[in-house]
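Beneath this line is the structure, given in structure tokens, with notes to follow.
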Amino acid sequence: MPVVNYQQYCQMLDNAKQNKFAYPAINTTSSETINAALLAFKEAKSDGIIQVSTGGGKFGSGLGVGDAAKGAIALADYARQMAEYYDVNIALHTDHCHPEAVDSFLVPLLAESKKRTAAGQPPVFSSHMFDGSPIPMKENIAQSKEIFKKCREMDVILEIEIGVVGGEEDGHDTSGVKKEKLYTTPEDMVFAAKELLPIGRFLLAATFGNVHGVYKPGNVKLQPIILKNGQDAIAKELGADKRLDLVFHGGSGSDLKDIRDAVDYGVIKMNIDTDTQYAYTRPVVDHMMKNYDGVLKIEGEVGNKKVYDPRSWGKKGERNMADRIIRACEDLRSSGTSLGKNI
């Protein structure tokens, strides 16, 4: 199916919100990882979200280009082409864009979308994320509003973040942040809702102890009740129909109960990156270790083309990553929920 338009994307989000499930949002960096995500959504009978970060875009553009925006456009175009052959609905999203990367990443992406929509074509991405969490709250929301207005001109949804997700991702390290910053307050959620809802529908990454990466059990203290408290505060001040579409960042390695609680409190999108990175790499390592004498030309031998051909180990990585995403669909209750051709 084609990548969804704005109205179809809203139907996807409504489906998740009403039926208390969330879409896995899979960070991709290559055609292989995009293929893995598409395969998983098809087999799980789940609609889904494929996303590209600044680092993913830069990697996707290759060493000879090294441009995050150009790589993101190329990956989005590839995903759009391949999605046509699958019977599930796919939205395209860009992950964390911090303030310092707006001019080099978001601005050229929005410019390309403006050019395409003016020609009657869909925008490059269905939604974007502006992560203003490193800057003061009022400044974060003010900048979010300006970016959101530009997105709305092309029927593109904006995701923002308030609070701070701990850990490190794409070279952005927040491991030294004060612990209280890891927990979004109800007041901040109400403020974000008041400022952005008049512009249109948006996604909110509210933090409740989230940390990027995978840690041993007990190291990360998630408090999903924070999301409920924020949603209740919004309902009390603005009305029950104003409860927000929430996003769960830093979810790798989380307890299933915490995941399900977060979904029950309004999370409709959960980012998955670390777990799928490992899932792709694990069988590749296994292949290399078991075929050491075949993948290397050692001691004057010629190796074994059948095992050093990238296709031989690339397929294994794709399959294992797809299996991990299918498990995510099950954890998030999105399996079997695809709207298919009904949207």
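Each chain in the structure tokens gets a letter, A, B, ..., in the order shown, and its residues are numbered from 1; ligands are numbered from 1 in order too.
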Need to verify the contact set: Gly230 of chain A, 12 Å, only C-alpha atoms, exclusion of same-chain residues closer than 2 positions in sequence. Can you return it as an mmCIF file with C-alpha atoms, in the first residue's frame?
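Just written: result.cif:
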data_model
loop_
_atom_site.group_PDB
_atom_site.id
_atom_site.type_symbol
_atom_site.label_atom_id
_atom_site.label_comp_id
_atom_site.auth_asym_id
_atom_site.auth_seq_id
_atom_site.Cartn_x
_atom_site.Cartn_y
_atom_site.Cartn_z
ATOM 1 C CA ILE A 162 9.393 17.788 26.856
ATOM 2 C CA TYR A 183 10.209 13.117 34.536
ATOM 3 C CA THR A 184 7.763 15.430 32.744
ATOM 4 C CA THR A 185 5.356 17.317 35.013
ATOM 5 C CA PRO A 186 1.572 17.528 34.486
ATOM 6 C CA GLU A 187 1.959 21.308 34.278
ATOM 7 C CA ASP A 188 4.368 20.991 31.349
ATOM 8 C CA MET A 189 2.025 18.599 29.534
ATOM 9 C CA VAL A 190 -0.887 21.012 29.982
ATOM 10 C CA PHE A 191 1.271 23.908 28.763
ATOM 11 C CA ALA A 192 2.298 21.978 25.634
ATOM 12 C CA ALA A 193 -1.315 21.035 24.928
ATOM 13 C CA LEU A 204 4.184 14.370 22.488
ATOM 14 C CA ALA A 205 7.187 12.514 23.852
ATOM 15 C CA ALA A 206 6.673 13.089 27.573
ATOM 16 C CA THR A 207 9.388 11.522 29.701
ATOM 17 C CA PHE A 208 8.820 9.233 32.657
ATOM 18 C CA PRO A 224 4.288 5.366 33.583
ATOM 19 C CA ILE A 225 1.861 6.836 36.131
ATOM 20 C CA ILE A 226 3.397 10.201 35.208
ATOM 21 C CA LEU A 227 1.710 9.913 31.825
ATOM 22 C CA LYS A 228 -1.661 9.238 33.435
ATOM 23 C CA ASP A 232 -5.734 13.662 33.661
ATOM 24 C CA ALA A 233 -4.500 17.223 34.128
ATOM 25 C CA ILE A 234 -5.104 17.963 30.445
ATOM 26 C CA ALA A 235 -8.606 16.461 30.607
ATOM 27 C CA LYS A 236 -9.439 18.499 33.698
ATOM 28 C CA GLU A 237 -8.241 21.781 32.218
ATOM 29 C CA LEU A 238 -9.084 21.381 28.516
ATOM 30 C CA ALA A 240 -11.374 14.723 27.995
ATOM 31 C CA LYS A 242 -7.926 16.821 24.415
ATOM 32 C CA ARG A 243 -5.894 13.920 25.814
ATOM 33 C CA LEU A 244 -2.702 13.732 23.770
ATOM 34 C CA ASP A 245 -1.114 11.162 21.482
ATOM 35 C CA LEU A 246 1.980 10.157 23.463
ATOM 36 C CA ALA A 262 2.309 3.401 29.170
ATOM 37 C CA TYR A 265 -2.172 5.893 29.492
ATOM 38 C CA GLY A 266 -2.103 7.102 25.896
#
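Those residues in segment 221-274 of chain A carrying a DSSP assignment of strand (DSSP E), computed from the backbone, are Asp245, Leu246, Val247, Phe248, Val267, Ile268, Lys269, Met270, Asn271 and Ile272 of chain A.
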How would the residues just chosen look if you wrote them out with C-alpha atoms as a PDB file, in the first residue's frame?
ATOM      1  CA  ASP A 245      -1.114  11.162  21.482  1.00  0.00           C
ATOM      2  CA  LEU A 246       1.980  10.157  23.463  1.00  0.00           C
ATOM      3  CA  VAL A 247       5.296   8.680  22.355  1.00  0.00           C
ATOM      4  CA  PHE A 248       7.547   6.321  24.325  1.00  0.00           C
ATOM      5  CA  VAL A 267       1.162   6.027  24.243  1.00  0.00           C
ATOM      6  CA  ILE A 268       0.388   5.294  20.581  1.00  0.00           C
ATOM      7  CA  LYS A 269       3.980   5.181  19.249  1.00  0.00           C
ATOM      8  CA  MET A 270       7.059   3.539  20.732  1.00  0.00           C
ATOM      9  CA  ASN A 271      10.506   4.115  19.242  1.00  0.00           C
ATOM     10  CA  ILE A 272      12.660   1.025  18.818  1.00  0.00           C
TER      11      ILE A 272
END
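Note that atom CA of Pro122 of chain A and atom CA of Thr337 of chain A are 25.0 Å apart.
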How close does segment 63-126 of chain A get to segment 23-27 of chain A? List, as a tab-separated table, each residue of segment 63-126 of chain A within 9 Å, its nearest atom pair and the distance in Å to one decimal, counting only C-alpha atoms.
residue	atom	partner	partner_atom	distance
A:His93	CA	A:Ala25	CA	8.3
A:Thr94	CA	A:Asn27	CA	8.7
A:Asp95	CA	A:Asn27	CA	7.7
Quick one: write out the picked residues with all heavy atoms as a compact mmCIF listing (two decimals), in the first residue's frame?
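The result, written out as selection-v9.txt:
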# COMPACT_ATOMS: atom_id res chain seq x y z
N HIS A 93 8.62 8.89 9.28
CA HIS A 93 8.86 9.85 10.36
C HIS A 93 10.35 10.13 10.48
O HIS A 93 11.18 9.26 10.20
CB HIS A 93 8.32 9.24 11.66
CG HIS A 93 8.50 10.08 12.88
ND1 HIS A 93 7.71 11.18 13.15
CD2 HIS A 93 9.36 9.98 13.93
CE1 HIS A 93 8.07 11.71 14.31
NE2 HIS A 93 9.08 11.01 14.79
N THR A 94 10.71 11.34 10.93
CA THR A 94 12.10 11.60 11.29
C THR A 94 12.21 11.68 12.80
O THR A 94 11.39 12.31 13.46
CB THR A 94 12.65 12.89 10.67
OG1 THR A 94 11.86 14.02 11.08
CG2 THR A 94 12.67 12.80 9.16
N ASP A 95 13.24 11.04 13.33
CA ASP A 95 13.44 10.97 14.77
C ASP A 95 14.23 12.19 15.24
O ASP A 95 14.54 13.08 14.47
CB ASP A 95 14.18 9.67 15.08
CG ASP A 95 14.09 9.26 16.55
OD1 ASP A 95 13.27 9.84 17.27
OD2 ASP A 95 14.84 8.34 16.94
Val295 of chain A: which residues within 7 Å, counting only C-alpha atoms, same-chain residues fewer than 6 positions away excluded, as a PyMOL selection string?
chain A and resi 288+303-304+307-308
Close residues, Asn15 of chain A itself excluded, 10 Å, only C-alpha atoms, min 3 positions apart in chain, as a PyMOL selection string
chain A and resi 9-12+18-22+268+334+337-339
Here is a test: counting only C-alpha atoms, which residue of A:Val107, A:Ile49, A:Ala142, A:Ala322 is nearest to Ala79 of chain A?
A:Ile49
I need the residues of segment 125-330 of chain A that end up classed as helix (DSSP H, G or I) by DSSP on the backbone, written out as a PyMOL selection string.
chain A and resi 137-152+179-182+186-196+225-238+240-242+256-264+274-290+292-295+305-308+310-330
Neighbours of Met129 of chain A within 7 Å (only C-alpha atoms; same-chain residues fewer than 3 positions away dropped), as a list in words?
Thr94, Asp95, His96, Cys97, Leu158, Glu159 and Ile160 of chain A
Got a sec: who's within 7 Å of Gly55 of chain A, counting only C-alpha atoms, leaving out chain neighbours fewer than 2 positions off, as an MDAnalysis selection string?
chainID A and resid 53 57:59 68 170
